[in-house]
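Heads up, protein-v3.tsv below (TSV, C-alpha atoms):
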chain	number	residue	atom	x	y	z
A	906	MET	CA	106.12	168.31	154.00
A	907	GLY	CA	105.70	166.40	150.78
A	908	ARG	CA	102.36	165.65	149.21
A	909	LEU	CA	102.41	162.11	150.56
A	910	ALA	CA	103.20	163.24	154.07
A	911	ILE	CA	100.35	165.75	154.00
A	912	ARG	CA	97.97	163.03	152.88
A	913	ASN	CA	99.13	160.70	155.62
A	914	PHE	CA	98.62	163.51	158.11
A	915	VAL	CA	95.10	164.24	156.87
A	916	VAL	CA	94.16	160.56	156.95
A	917	GLY	CA	95.54	160.26	160.47
A	918	LEU	CA	93.52	163.29	161.51
A	919	PHE	CA	90.38	161.78	159.97
A	920	VAL	CA	90.87	158.47	161.79
A	921	LEU	CA	91.47	160.27	165.08
A	922	VAL	CA	88.37	162.45	164.69
A	923	GLY	CA	86.35	159.34	163.87
A	924	LEU	CA	87.68	157.47	166.89
A	925	ALA	CA	87.04	160.51	169.09
A	926	SER	CA	83.44	160.57	167.86
A	927	ILE	CA	83.05	156.87	168.65
A	928	ALA	CA	84.53	157.46	172.10
A	929	TYR	CA	82.21	160.42	172.72
A	930	LEU	CA	79.16	158.40	171.63
A	931	SER	CA	80.13	155.41	173.77
A	932	LEU	CA	81.38	157.11	176.90
A	933	SER	CA	79.48	160.36	177.18
A	934	VAL	CA	76.23	159.73	175.31
A	935	GLY	CA	76.02	155.95	175.77
A	936	GLY	CA	77.19	156.02	179.38
A	937	LEU	CA	79.63	153.12	179.02
A	938	SER	CA	81.61	152.90	182.23
A	939	VAL	CA	85.29	152.00	181.85
A	940	GLY	CA	86.80	149.84	184.55
A	941	GLY	CA	83.54	149.67	186.49
A	942	GLY	CA	82.55	146.83	188.77
A	943	ASP	CA	84.01	148.15	192.03
A	944	GLY	CA	80.58	149.41	193.07
A	945	LEU	CA	78.58	148.31	196.08
A	946	THR	CA	76.03	145.57	195.25
A	947	ILE	CA	72.82	145.82	197.26
A	948	TYR	CA	69.48	144.04	196.93
A	949	ALA	CA	65.97	145.25	197.61
A	950	HIS	CA	62.69	143.34	197.55
A	951	PHE	CA	59.56	145.06	196.24
A	952	ASP	CA	55.93	143.94	196.06
A	953	ASP	CA	55.55	145.59	192.66
A	954	ILE	CA	58.16	147.13	190.41
A	955	SER	CA	55.85	147.73	187.38
A	956	GLY	CA	58.10	149.05	184.64
A	957	LEU	CA	61.43	149.33	186.45
A	958	LYS	CA	64.09	148.06	184.04
A	959	PRO	CA	67.75	147.12	184.32
A	960	LEU	CA	70.03	150.16	183.81
A	961	ALA	CA	67.45	152.40	185.50
A	962	LYS	CA	69.14	154.94	187.74
A	963	VAL	CA	69.34	154.84	191.52
A	964	THR	CA	69.32	158.26	193.17
A	965	VAL	CA	69.81	159.85	196.54
A	966	ALA	CA	68.09	163.23	196.83
A	967	GLY	CA	67.74	163.19	193.05
A	968	VAL	CA	71.45	162.72	192.42
A	969	LYS	CA	72.42	159.55	190.55
A	970	VAL	CA	74.51	157.21	192.71
A	971	GLY	CA	74.13	153.92	190.85
A	972	GLU	CA	71.96	151.79	188.62
A	973	VAL	CA	69.73	148.72	188.58
A	974	VAL	CA	71.65	145.67	187.39
A	975	GLU	CA	69.20	142.80	187.46
A	976	ILE	CA	65.58	142.10	188.36
A	977	ASP	CA	64.16	138.66	189.17
A	978	LEU	CA	61.66	136.97	191.47
A	979	ASP	CA	62.55	135.76	194.96
A	980	ASP	CA	61.09	132.68	196.73
A	981	ASP	CA	58.05	134.64	197.97
A	982	TYR	CA	57.20	135.82	194.45
A	983	ARG	CA	58.35	139.36	195.20
A	984	ALA	CA	60.61	141.30	192.86
A	985	ARG	CA	64.27	141.17	193.82
A	986	VAL	CA	66.17	144.15	192.45
A	987	GLU	CA	69.96	144.08	192.30
A	988	MET	CA	71.64	147.52	192.30
A	989	THR	CA	75.24	148.69	192.13
A	990	LEU	CA	75.88	151.86	194.09
A	991	ASP	CA	78.77	154.27	194.27
A	992	ALA	CA	81.09	152.64	196.81
A	993	ALA	CA	82.57	156.00	197.81
A	994	LEU	CA	79.37	156.78	199.75
A	995	GLU	CA	78.09	155.14	202.94
A	996	TYR	CA	74.48	153.99	203.18
A	997	PRO	CA	73.03	153.63	206.73
A	998	TYR	CA	71.34	150.33	207.54
A	999	ASP	CA	67.85	151.85	207.81
A	1000	THR	CA	67.99	153.45	204.36
A	1001	SER	CA	64.75	152.82	202.47
A	1002	ALA	CA	64.21	152.37	198.73
A	1003	SER	CA	61.18	153.45	196.75
A	1004	ILE	CA	60.32	153.24	193.08
A	1005	ILE	CA	59.53	156.61	191.59
A	1006	THR	CA	58.32	157.74	188.18
A	1007	ALA	CA	60.06	160.65	186.49
A	1008	GLY	CA	57.17	162.92	185.57
A	1009	ILE	CA	53.77	161.35	184.90
A	1010	LEU	CA	54.76	159.18	181.95
A	1011	GLY	CA	58.51	159.06	182.49
A	1012	ASP	CA	60.88	156.22	183.30
A	1013	LYS	CA	60.84	154.42	186.63
A	1014	TYR	CA	63.84	154.71	188.90
A	1015	VAL	CA	64.84	153.87	192.46
A	1016	GLU	CA	65.16	156.63	195.04
A	1017	LEU	CA	67.00	155.91	198.29
A	1018	LEU	CA	65.97	157.72	201.46
A	1019	ILE	CA	69.06	157.83	203.63
A	1020	GLY	CA	68.45	156.78	207.23
A	1021	GLY	CA	70.30	157.61	210.44
A	1022	ASP	CA	71.69	154.26	211.55
A	1023	ASP	CA	75.35	154.02	212.49
A	1024	LYS	CA	75.68	150.63	210.83
A	1025	THR	CA	76.12	150.89	207.04
A	1026	PHE	CA	75.39	148.50	204.19
A	1027	ILE	CA	78.15	146.23	202.99
A	1028	ASP	CA	78.38	144.38	199.67
A	1029	GLY	CA	75.51	141.89	199.21
A	1030	ASP	CA	73.18	143.35	201.86
A	1031	THR	CA	69.43	143.68	201.38
A	1032	ILE	CA	67.43	146.83	201.99
A	1033	THR	CA	64.57	146.02	204.39
A	1034	PHE	CA	62.39	149.12	204.01
A	1035	THR	CA	60.95	149.39	200.52
A	1036	GLU	CA	58.05	151.16	198.90
A	1037	SER	CA	56.60	149.74	195.70
A	1038	ALA	CA	55.85	151.57	192.51
A	1039	LEU	CA	52.72	153.64	192.28
A	1040	VAL	CA	50.56	151.99	189.64
A	1041	LEU	CA	48.33	154.61	188.06
A	1042	GLU	CA	45.69	152.11	186.90
A	1043	ARG	CA	45.32	150.64	190.39
A	1044	LEU	CA	45.06	154.12	191.88
A	1045	ILE	CA	42.33	155.14	189.43
A	1046	GLY	CA	40.55	151.83	190.05
A	1047	LYS	CA	40.55	152.48	193.79
A	1048	LEU	CA	39.26	156.01	193.26
A	1049	ILE	CA	36.38	154.83	191.06
A	1050	HIS	CA	35.53	152.08	193.54
A	1051	ASN	CA	35.49	154.51	196.45
A	1052	THR	CA	33.32	157.10	194.73
A	1053	SER	CA	30.79	154.47	193.59
A	1054	VAL	CA	30.56	153.14	197.15
A	1055	GLY	CA	30.11	156.73	198.34
A	1056	ASP	CA	27.24	157.28	195.88
A	1057	GLY	CA	25.44	154.23	197.24
A	1058	ASN	CA	25.26	155.65	200.72
N	27	MET	CA	53.03	130.30	130.19
N	28	LEU	CA	55.68	127.62	130.24
N	29	ARG	CA	58.15	130.13	128.91
N	30	LEU	CA	57.24	132.54	131.74
N	31	ILE	CA	57.89	129.88	134.35
N	32	SER	CA	61.22	128.93	132.85
N	33	ALA	CA	62.15	132.63	132.64
N	34	VAL	CA	61.46	132.94	136.37
N	35	GLY	CA	63.54	129.84	136.98
N	36	GLU	CA	66.42	131.20	134.95
N	37	ARG	CA	66.30	134.51	136.81
N	38	SER	CA	66.32	132.83	140.22
N	39	ALA	CA	69.12	130.47	139.26
N	40	ARG	CA	71.18	133.41	138.01
N	41	SER	CA	70.66	135.48	141.16
N	42	ILE	CA	71.63	132.53	143.37
N	43	GLU	CA	74.64	131.97	141.18
N	44	GLN	CA	75.64	135.60	141.63
N	45	LEU	CA	75.21	135.33	145.41
N	46	GLY	CA	77.57	132.36	145.44
N	47	ASP	CA	79.95	134.25	143.19
N	48	ILE	CA	80.01	137.21	145.60
N	49	SER	CA	80.65	134.85	148.53
N	50	ILE	CA	83.59	133.24	146.74
N	51	PHE	CA	84.88	136.73	145.89
N	52	GLY	CA	84.61	137.69	149.57
N	53	CYS	CA	86.54	134.58	150.61
N	54	GLN	CA	89.25	135.45	148.08
N	55	ILE	CA	89.50	138.95	149.56
N	56	VAL	CA	89.88	137.52	153.07
N	57	LYS	CA	92.49	135.03	151.83
N	58	CYS	CA	94.52	137.76	150.13
N	59	PHE	CA	94.20	139.97	153.20
N	60	LEU	CA	95.52	137.27	155.52
N	61	ARG	CA	98.49	136.51	153.31
N	62	PRO	CA	101.30	139.03	153.84
N	63	PRO	CA	102.55	141.49	152.72
N	64	LEU	CA	99.91	144.01	153.70
N	65	ARG	CA	100.06	146.87	151.24
N	66	PHE	CA	99.96	149.83	153.55
N	67	ARG	CA	100.46	152.72	151.15
N	68	PRO	CA	97.50	151.99	148.83
N	69	PHE	CA	95.41	151.39	151.93
N	70	VAL	CA	96.17	154.89	153.25
N	71	LYS	CA	95.47	156.31	149.81
N	72	GLU	CA	92.05	154.66	149.81
N	73	LEU	CA	91.37	155.84	153.35
N	74	HIS	CA	91.98	159.36	152.09
N	75	LYS	CA	89.78	158.92	149.03
N	76	LEU	CA	86.90	157.08	150.69
N	77	GLY	CA	87.05	158.66	154.12
N	78	VAL	CA	88.55	162.13	154.14
N	79	LEU	CA	86.95	163.20	150.88
N	80	SER	CA	83.54	161.98	152.12
N	81	LEU	CA	83.80	164.14	155.25
N	82	LEU	CA	82.14	167.21	153.73
N	83	ILE	CA	79.01	165.45	152.49
N	84	ILE	CA	78.79	163.39	155.72
N	85	GLY	CA	79.22	166.46	157.91
N	86	ILE	CA	76.67	168.63	156.11
N	87	SER	CA	74.16	165.79	155.90
N	88	GLY	CA	74.57	164.93	159.57
N	89	LEU	CA	74.07	168.50	160.66
N	90	ALA	CA	71.03	168.95	158.41
N	91	VAL	CA	69.42	165.66	159.48
N	92	GLY	CA	69.92	166.43	163.17
N	93	MET	CA	68.46	169.90	162.72
N	94	VAL	CA	65.36	168.68	160.89
N	95	LEU	CA	64.86	165.88	163.45
N	96	ALA	CA	64.90	168.43	166.25
N	97	LEU	CA	62.49	170.68	164.38
N	98	GLN	CA	59.99	167.90	163.64
N	99	GLY	CA	60.43	166.31	167.06
N	100	TYR	CA	59.93	169.59	168.87
N	101	ILE	CA	56.63	170.28	167.09
N	102	GLU	CA	55.28	166.78	167.86
N	103	LEU	CA	56.63	166.56	171.42
N	104	SER	CA	55.35	169.99	172.42
N	105	LYS	CA	51.82	168.73	171.78
N	106	TYR	CA	52.27	166.46	174.79
N	107	GLY	CA	54.23	168.99	176.77
N	108	SER	CA	57.34	166.83	176.74
N	109	GLU	CA	59.74	169.00	174.75
N	110	SER	CA	62.36	168.19	177.35
N	111	SER	CA	62.77	164.69	175.95
N	112	LEU	CA	63.81	166.10	172.55
N	113	GLY	CA	67.45	165.14	173.19
N	114	GLY	CA	66.53	161.52	173.76
N	115	PHE	CA	64.38	161.45	170.65
N	116	VAL	CA	67.05	162.94	168.38
N	117	GLY	CA	69.75	160.77	169.99
N	118	ILE	CA	67.96	157.45	169.66
N	119	VAL	CA	66.81	158.05	166.10
N	120	LEU	CA	70.30	159.16	165.01
N	121	VAL	CA	72.38	156.62	166.90
N	122	ARG	CA	70.22	153.60	166.16
N	123	GLU	CA	68.92	154.17	162.66
N	124	LEU	CA	69.62	157.30	160.67
N	125	GLY	CA	73.34	157.50	161.46
N	126	PRO	CA	74.31	154.06	160.17
N	127	VAL	CA	71.76	153.87	157.35
N	128	LEU	CA	72.21	157.36	155.90
N	129	THR	CA	75.99	157.13	156.21
N	130	GLY	CA	75.84	153.80	154.41
N	131	LEU	CA	73.71	155.21	151.60
N	132	LEU	CA	75.80	158.39	151.28
N	133	VAL	CA	79.08	156.45	151.21
N	134	THR	CA	77.58	154.09	148.63
N	135	GLY	CA	76.73	157.02	146.41
N	136	ARG	CA	79.87	158.98	147.04
N	137	ALA	CA	82.58	156.32	147.36
N	138	GLY	CA	81.10	152.93	146.44
N	139	SER	CA	80.13	154.05	142.97
N	140	ALA	CA	83.57	155.59	142.43
N	141	THR	CA	85.25	152.35	143.49
N	142	THR	CA	83.15	150.33	141.04
N	143	ALA	CA	83.78	152.78	138.21
N	144	GLU	CA	87.51	152.82	138.93
N	145	ILE	CA	87.92	149.04	139.02
N	146	GLY	CA	85.56	148.71	136.05
N	147	THR	CA	87.70	151.09	134.01
N	148	MET	CA	90.77	149.07	134.99
N	149	VAL	CA	88.99	146.01	133.60
N	150	ALA	CA	88.00	147.84	130.43
N	151	SER	CA	91.51	149.16	129.82
N	152	GLU	CA	92.94	145.68	130.49
N	153	GLN	CA	95.03	146.88	133.43
N	154	LEU	CA	93.97	143.91	135.54
N	155	ASP	CA	95.01	141.56	132.73
N	156	GLY	CA	98.36	143.33	132.72
N	157	LEU	CA	98.72	142.63	136.43
N	158	ARG	CA	97.77	139.00	135.92
N	159	MET	CA	100.40	138.73	133.17
N	160	MET	CA	103.01	139.88	135.68
N	161	SER	CA	101.61	137.11	137.92
N	162	VAL	CA	100.33	139.71	140.38
N	163	ASN	CA	96.95	138.85	141.87
N	164	PRO	CA	94.69	141.86	141.06
N	165	ILE	CA	92.53	141.10	144.12
N	166	ASP	CA	95.59	141.51	146.30
N	167	VAL	CA	96.66	144.84	144.82
N	168	VAL	CA	93.43	146.46	143.66
N	169	VAL	CA	90.57	145.02	145.71
N	170	VAL	CA	91.94	144.38	149.22
N	171	PRO	CA	93.04	147.96	150.07
N	172	ARG	CA	89.73	149.36	148.80
N	173	ALA	CA	87.59	146.82	150.62
N	174	LEU	CA	89.56	147.20	153.83
N	175	ALA	CA	89.43	150.99	153.71
N	176	MET	CA	85.67	150.91	153.09
N	177	ILE	CA	85.08	148.68	156.12
N	178	LEU	CA	87.20	150.86	158.40
N	179	VAL	CA	85.83	154.15	157.08
N	180	MET	CA	82.16	153.32	157.57
N	181	PRO	CA	81.97	153.26	161.41
N	182	LEU	CA	84.22	156.32	161.62
N	183	LEU	CA	82.04	158.31	159.23
N	184	ASN	CA	78.94	157.03	161.02
N	185	ALA	CA	80.26	158.29	164.36
N	186	ILE	CA	81.10	161.70	162.85
N	187	PHE	CA	77.67	161.89	161.19
N	188	THR	CA	75.92	161.04	164.45
N	189	VAL	CA	77.90	163.47	166.60
N	190	LEU	CA	77.28	166.28	164.11
N	191	GLY	CA	73.61	165.30	163.99
N	192	LEU	CA	73.40	165.59	167.77
N	193	LEU	CA	75.06	169.00	167.48
N	194	GLY	CA	72.52	170.03	164.82
N	195	GLY	CA	69.69	168.87	167.07
N	196	TRP	CA	71.17	170.86	169.93
N	197	LEU	CA	71.47	173.97	167.74
N	198	VAL	CA	67.81	173.87	166.73
N	199	GLY	CA	66.45	172.64	170.06
N	200	VAL	CA	68.42	174.97	172.31
N	201	ARG	CA	69.35	177.95	170.17
N	202	VAL	CA	66.26	178.23	167.96
N	203	MET	CA	63.47	176.69	170.05
N	204	GLY	CA	64.80	177.96	173.36
N	205	LEU	CA	64.98	174.60	175.09
N	206	ASP	CA	67.16	174.28	178.19
N	207	SER	CA	70.60	173.03	177.18
N	208	GLY	CA	70.85	170.85	180.28
N	209	ALA	CA	67.48	169.27	179.53
N	210	TYR	CA	68.56	168.39	175.99
N	211	ILE	CA	71.85	166.81	177.02
N	212	GLY	CA	70.35	165.20	180.12
N	213	SER	CA	67.57	163.50	178.19
N	214	LEU	CA	70.10	162.51	175.53
N	215	THR	CA	72.45	160.76	177.93
N	216	ALA	CA	69.59	159.23	179.91
N	217	SER	CA	67.89	157.70	176.86
N	218	VAL	CA	70.86	156.49	174.84
N	219	GLY	CA	72.48	153.37	176.25
N	220	PHE	CA	75.76	151.84	175.20
N	221	GLN	CA	74.84	148.28	174.37
N	222	GLU	CA	71.37	148.66	172.91
N	223	ASP	CA	72.03	151.91	171.03
N	224	VAL	CA	75.65	152.91	170.46
N	225	ALA	CA	77.12	149.43	170.03
N	226	SER	CA	74.26	148.37	167.78
N	227	GLY	CA	74.68	151.49	165.60
N	228	LEU	CA	78.43	151.06	165.26
N	229	LEU	CA	78.15	147.36	164.48
N	230	LYS	CA	75.49	148.14	161.91
N	231	SER	CA	77.83	150.53	160.15
N	232	VAL	CA	80.61	147.90	160.14
N	233	LEU	CA	78.15	145.47	158.55
N	234	PHE	CA	77.17	148.09	155.96
N	235	GLY	CA	80.86	148.75	155.32
N	236	VAL	CA	81.38	145.06	154.57
N	237	LEU	CA	78.34	145.01	152.28
N	238	VAL	CA	79.31	148.13	150.33
N	239	ALA	CA	82.95	146.99	150.08
N	240	LEU	CA	81.91	143.61	148.75
N	241	VAL	CA	79.29	144.86	146.30
N	242	SER	CA	81.31	147.79	144.93
N	243	THR	CA	84.50	145.80	144.33
N	244	TYR	CA	82.62	142.77	142.98
N	245	LYS	CA	80.59	144.83	140.52
N	246	GLY	CA	83.68	146.64	139.30
N	247	PHE	CA	85.73	143.47	139.05
N	248	ASN	CA	83.05	141.71	137.00
N	249	SER	CA	81.96	144.59	134.79
N	250	ALA	CA	81.92	144.13	131.03
N	251	PRO	CA	85.04	145.67	129.46
N	252	THR	CA	83.11	148.41	127.65
N	253	SER	CA	82.10	151.92	128.63
N	254	GLU	CA	78.49	150.76	128.71
N	255	GLY	CA	79.47	147.82	130.90
N	256	VAL	CA	81.25	150.10	133.38
N	257	SER	CA	78.30	152.46	133.61
N	258	HIS	CA	75.94	149.51	134.05
N	259	SER	CA	77.95	147.99	136.89
N	260	THR	CA	78.25	151.39	138.58
N	261	THR	CA	74.46	151.72	138.53
N	262	MET	CA	74.04	148.16	139.75
N	263	CYS	CA	76.53	148.78	142.55
N	264	VAL	CA	74.50	151.70	143.92
N	265	VAL	CA	71.21	149.83	143.53
N	266	THR	CA	72.43	146.56	145.05
N	267	ALA	CA	74.38	148.13	147.90
N	268	SER	CA	71.51	150.47	148.86
N	269	LEU	CA	69.00	147.63	148.88
N	270	ALA	CA	71.40	145.42	150.83
N	271	ILE	CA	71.84	148.16	153.44
N	272	LEU	CA	68.13	148.83	153.86
N	273	VAL	CA	67.07	145.19	153.97
N	274	SER	CA	69.90	143.95	156.19
N	275	ASN	CA	69.22	146.89	158.51
N	276	TYR	CA	65.81	145.44	159.34
N	277	PHE	CA	67.14	141.97	160.05
N	278	PHE	CA	70.08	143.25	162.09
N	279	THR	CA	67.74	145.37	164.21
N	280	ALA	CA	65.35	142.45	164.73
N	281	LEU	CA	68.16	140.06	165.70
N	282	TRP	CA	69.93	142.59	167.95
N	283	GLY	CA	66.76	143.16	169.94
N	284	MET	CA	66.43	139.48	170.79
Target encoding structure tokens, full file:
Amino acid sequence: MGRLAIRNFVVGLFVLVGLASIAYLSLSVGGLSVGGGDGLTIYAHFDDISGLKPLAKVTVAGVKVGEVVEIDLDDDYRARVEMTLDAALEYPYDTSASIITAGILGDKYVELLIGGDDKTFIDGDTITFTESALVLERLIGKLIHNTSVGDGN
Amino acid sequence: MLRLISAVGERSARSIEQLGDISIFGCQIVKCFLRPPLRFRPFVKELHKLGVLSLLIIGISGLAVGMVLALQGYIELSKYGSESSLGGFVGIVLVRELGPVLTGLLVTGRAGSATTAEIGTMVASEQLDGLRMMSVNPIDVVVVPRALAMILVMPLLNAIFTVLGLLGGWLVGVRVMGLDSGAYIGSLTASVGFQEDVASGLLKSVLFGVLVALVSTYKGFNSAPTSEGVSHSTTMCVVTASLAILVSNYFFTALWGM
């Protein structure tokens, strides 16, 4: 190989390594899904989502099966959470959704408790059984209220 | 007093004039780039000079920055018992900020200054005038391949810097501090998102590439044809490009978050 050919080779190698790094950052670290969109879209209504954000994970038994796409309010002023789930799995009709916190200060995510119904969710269905997020402040407030009432007696 | 005010006025007018001058220069580069033929061979040569030869400094810096981030982060995070989110900390800091900015500054020092000095010396030794005499547009032959290579090289070097930084963080976090490897990588992938982190970091480095390309070629092209003039424009290239990177970084981040 001539000097020029070696240089071309090295430059090509450099560009490929750079592109591979970009691909690694985007796909593996950044979690960009290629050719996505064939997931199952399901809605769930919660009284309180406190801190759940789009792109939060949806899990079954702790294993990630999808993510939160969009959050808005429904007509009854409850939070309507849109999720896309892995379409390869089947979700029974009485599956319930609850909002869980990872650790004490961690991110909020949605955990699905798989039910036993024969009928399964199809695209666009809404989960009926939901459990709202546990709000630490409200819990502490309730505790303080209860103990002060207890002292009075 | 009056003289002071008019001195301020002159300074401001001159800096605005220079800004306009740079913009016109940028438009000329784009015009020359769009008009064929595209000079491929000098472009590859510049890719080699600006990109491949910067790999060593980028690689070592990335590794060192990632390692020190993990070290500092581990000490702080362990106070709250959340060492397991070290991967996310190192990842977000590297991908969003330190990767693009430090790569930009390093490339400015390593390659931007060299570009300015090279073009400046061409001006001083009247090579560009020689090209003009042969009715060859010096922007077409000298500036376009360098500017183009700089813009392409910046995101590639940024990605390499960031990946090596993540590796450095992993080395310190997992191998030295004894963190669980799965926890490091899990928290990394959970915290770093594509659109808000990776895309923003890569776009930032493209922006910095444009800035450094513009400043380094402009300063070289307009340097005084003396050895002092070349050294002055090389200094000014590093100063201007570094400031442009750091200041534009803030505004890009603010706008991206909206």
* chain N contacts on chain A, all atoms listed in the file, 8 Å, as a list in words ->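 Every residue meeting the condition is included here: Arg912, Asn913, Val915, Val916, Phe919, Val920, Val922, Gly923, Leu924, Ser926, Ile927, Leu930, Ser931, Leu932, Ser933, Val934, Gly935, Gly936 and Leu937 of chain A.
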* Structure fact -> A straight line from CA of Asp1028 (chain A) to CA of Gly944 (chain A) spans 8.6 Å
* **Contacts of Glu144 (chain N) at 8 Å (only C-alpha atoms; same-chain gap of 4+ positions) as an MDAnalysis selection string** => chainID N and resid 140 148 246
* To do: Give me, please, the distance in Å between CA of Arg40 (chain N) and CA of Pro171 (chain N), quoted to one decimal.
  => 28.9 Å
* To do: Measure the distance from CA of Lys105 (chain N) to CA of Leu128 (chain N) in Å and round it to one decimal.
  =>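 Going from CA of Lys105 (chain N) over to CA of Leu128 (chain N) covers 28.2 Å.
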Would you list the contacts of Asp953 (chain A) as a compact mmCIF listing (two decimals) with C-alpha atoms, in the frame of the given file, taking every protein, DNA or RNA residue within 8 Å and counting all atoms listed in the file, but skipping same-chain residues closer than 6 positions in sequence?
# COMPACT_ATOMS: atom_id res chain seq x y z
CA ARG A 983 58.35 139.36 195.20
CA ALA A 984 60.61 141.30 192.86
CA SER A 1037 56.60 149.74 195.70
CA ALA A 1038 55.85 151.57 192.51
* Excluding Val91 (chain N) and any residue of its chain fewer than 6 positions from it, enumerate the residues within 12 Å of it, using all atoms listed in the file, and give them as an NGL selection string. => :N and (83-85 or 97-99 or 116-117 or 119-120 or 123-125 or 128-129 or 187-198)
* With all atoms listed in the file counted, which protein, DNA or RNA residues have an atom no more than 10 Å from (62.2, 147.1, 182.8) in the file frame? Please answer as a PyMOL selection string. => chain A and resi 954-961+973+975-976+1012-1014
* Proximity to Gly1029 (chain A) - best of A:Val986, A:Leu921, A:Ile911, A:Leu945, all atoms listed in the file ->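 Smallest separation from Gly1029 (chain A) among the options: A:Leu945.
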* Residues near Phe278 (chain N), cut-off 12 Å, all atoms listed in the file, skip fewer than 2 positions along chain, as a list in words ->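 The filter keeps Arg122, Glu123, Pro126, Val127, Ser226, Gly227, Leu228, Leu229, Lys230, Ser231, Val232, Leu233, Phe234, Ala270, Ile271, Leu272, Val273, Ser274, Asn275, Tyr276, Ala280, Leu281, Trp282, Gly283 and Met284 of chain N.
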* Which one is closest to Ile1005 (chain A): A:Leu990, A:Val963, A:Leu1044, A:Ile1032? Count all atoms listed in the file. -> A:Val963
* To do: Starting from the point (89.5, 153.0, 140.4), work out which residues of protein, DNA or RNA have an atom no more than 12 Å away when counting all atoms listed in the file; state them as an MDAnalysis selection string.
  => chainID N and resid 68 71:72 75:76 137:151 153:154 167:169 171:172 242:243 246:247 256 260
* To do: Would you list the contacts of Thr964 (chain A) as number ranges by chain, taking every protein, DNA or RNA residue within 6 Å and counting all atoms listed in the file, but skipping same-chain residues closer than 5 positions in sequence?
  => A: 969-970, 1016
